[in-house]
Structure formats: C-alpha cells, structure tokens
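Trainee: Here you go, one structure.
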Amino acid sequence: MAASLVSRVARGVAPRIPGDQVLKSKLSTVTLDVTGTIIQFKGELGDIYCLAARRCGEECPDYARVYNGFKRSYKEMCAKYPCFGHNTMPTKEWWRRCVFMSFEYGGYHYPPTTFEQIFQRIYSAFGSTRAYQAFDDSLPFMNWIKERNIKLGIVSNETERYGDGILPMFGFDEAIDFTVFSKNVGVEKPDPKIFQVAARCAGEENPSRILHIGDSLQKDYNGARDVGFRALLIDRFHSPDAEKWREEGIAVCRDFEEAKGWIQDQHLL
C-alpha cells in the first residue's frame, strides 16, 4: 500500500487513502511554512529601503513611492525569473535587480556606486533581526514536536538564505531536520513537486503521516492536501475568511498552542 501511495504522489496525483488507514496513521513528520507561520516581517519596507538610502547620504525617499515601485518590480522579477532565479542566477543578484528597479519605478535614480552601497545595506538588513521577528510560540512548538520523535521540516517559497542564516538566527536550526525552498527546487507551493521533495527528505512513503502547517489556504493547505498530506492552517492575523473555512471543515488554528491541542485531539501522536 505504501509503495502505491508514493507512486501516485510522484506522478502528482492526490492519493485516495482509505478511511481506516487515515485514522490509524500517526505522524512521522511535520513540515512548516516560514513567513506568517514561524516568523514575520518587522515594520515597513521603507524602514529598510528608504533609510538605507538616507544613510548613504541621499535624501530619504518617499515610503509609498518606493513600496509601490517594489510591488511592481517584485511582480516582474517573479514572472521573468521565477523562484528567485532558481538556477539562472544567484539569489543576491536576483534581489539586486529587484531593489534597483524598486527605486527606479519609485522615481529615484542613483549612480551605480551609490546604488551598490544602498543595496548592500538593504541586503544585509534582510539577513538580520532588523527585518524579522519570530513568533513567541514557534520555537517551543518545534521543540514539542521533536520531543515526540517526529521529524521537522521547512517547506517554503523562499530562498536558501533562510536556511543558511535567517532561521538559525532564531535558534530554529537545531530543531529542523530538513529544509525545502522553492529557490532550490524550482517550483513554488502549491506545486505538488515541492511537497514530494519534502516527503523524500523525510523518508516517508505514506503521505498521510506528514502534517503541513502554514498560513495560506491555497499554497499550504490545499497544496499539501492535494498530495495526500494532512494540513493545518495557522490564522495569526485573524483573516475574515477564517470562520467560513472552519464551517467548510478546514482545520484552522490561531497559533501553535491551539495547534498542539488540535494535533492531540486528532490522535496523531
């Protein structure tokens, strides 16, 4: 049965798992989304982009103009070079181009030397605690999972930089067994492939023994369920749709404390 399930997952087909098997399956692995699930951004984009320009001797740009320029630039870069360039360019070069066009679209044009100084400040900031903060319940939840001999992985539409530096900043690396980033895989959630890679990293042939937790209905919940994973939504920011999701039978928790109770109530341990 397990081999059949894996074969279907490998072909991108959502496996049909018999009800009695679902009921008896205990978790072997939990995978987590990153942004909005275990960490969040701090402040506004302009706090880093605009202040970086000012610290390089330029007049402080308008926050709104730079933010709107960033949205346009980011959308174009994602369309032209998806998954942060995957294997076509280094992550840092992808962000260099994105930041450059963010200022250009905002109406701010800097000489190459000046822009490089500004960019280096921005790139460094987004590798530090200046840009992120961890939710208070994230590390305790990770440790709670590990104490129960369950593997813990990361499945994220982000770059390898998160695994190399950002997650270790918060002490998460000691609890994490594996990471799967869209930059490395070349596809983003909800594409089945990224979850299939996670299953292989976990060494788990029965997808119903993997629980994925994230904050996006489409990318995390539906994406995971489509390949046979169990799934749970974290609604930290009180989405107006959360109650409707619950009425539709979708598993939604406000935080990791509530998630622990849900996992126990489902008899997954």
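Chain labels A, B, ... are given in the sequence in which chains occur in the structure tokens; within each chain residues are numbered consecutively from 1, and ligands are likewise numbered from 1 in the order shown.
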Do you have, as a tab-separated table, the list of residues of segment 84-180 of chain A lying at most 10 Å from segment 218-242 of chain A, each with its nearest atom pair and that distance in Å to one decimal, counting only C-alpha atoms and ordered by chain then number?

Mentor:
residue	atom	partner	partner_atom	distance
A:Phe135	CA	A:Arg236	CA	9.6
A:Val155	CA	A:Asp220	CA	9.0
A:Ser156	CA	A:Asp220	CA	9.2
A:Asn157	CA	A:Lys219	CA	9.2

Trainee: Compare A:Val252, A:Cys50, A:Ile154, A:Ala199 by their minimum atom-to-atom distance to Ala64 of chain A, counting only C-alpha atoms, and give me the closest one.

Mentor: A:Cys50

Trainee: Just want the 9 Å neighbourhood of segment 180-182 of chain A, counted on only C-alpha atoms, with same-chain residues fewer than 6 positions away dropped. Output as a PyMOL selection string.

Mentor: chain A and resi 83-84+86+153-160+162-163+188-189+194-195+197-198+201

Trainee: For the selection just defined, write its residues with C-alpha atoms to a file, as a PDB file, in the first residue's frame.

Mentor:
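Writing the result to result_10.pdb gives the following:
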ATOM      1  CA  CYS A  83      11.746  31.020  -7.780  1.00  0.00           C
ATOM      2  CA  PHE A  84      14.293  33.808  -7.265  1.00  0.00           C
ATOM      3  CA  HIS A  86      16.311  29.118  -9.461  1.00  0.00           C
ATOM      4  CA  GLY A 153      10.982  20.172   8.067  1.00  0.00           C
ATOM      5  CA  ILE A 154      10.563  23.532   6.371  1.00  0.00           C
ATOM      6  CA  VAL A 155       8.672  23.898   3.073  1.00  0.00           C
ATOM      7  CA  SER A 156       8.807  27.485   1.880  1.00  0.00           C
ATOM      8  CA  ASN A 157       8.506  29.635  -1.238  1.00  0.00           C
ATOM      9  CA  GLU A 158      11.728  31.377  -0.231  1.00  0.00           C
ATOM     10  CA  THR A 159      15.454  31.212  -0.872  1.00  0.00           C
ATOM     11  CA  GLU A 160      18.184  29.094   0.638  1.00  0.00           C
ATOM     12  CA  TYR A 162      16.531  31.428   5.114  1.00  0.00           C
ATOM     13  CA  GLY A 163      18.076  28.070   5.866  1.00  0.00           C
ATOM     14  CA  GLU A 188       6.615  27.001  -5.569  1.00  0.00           C
ATOM     15  CA  LYS A 189       3.777  25.841  -3.370  1.00  0.00           C
ATOM     16  CA  ILE A 194       7.802  20.791  -3.621  1.00  0.00           C
ATOM     17  CA  PHE A 195       5.769  18.620  -1.244  1.00  0.00           C
ATOM     18  CA  VAL A 197      10.588  16.606  -2.335  1.00  0.00           C
ATOM     19  CA  ALA A 198       9.706  17.148   1.326  1.00  0.00           C
ATOM     20  CA  CYS A 201      13.613  14.302   2.554  1.00  0.00           C
TER      21      CYS A 201
END

Trainee: With only C-alpha atoms as the counted atoms, please give the residues lying no more than 12 Å from Phe141 of chain A, apart from itself and same-chain residues fewer than 3 positions off, as a PyMOL selection string.

Mentor: chain A and resi 30+32+37-38+135-138+144-148+150+152+172+175-176+213+255-261+263
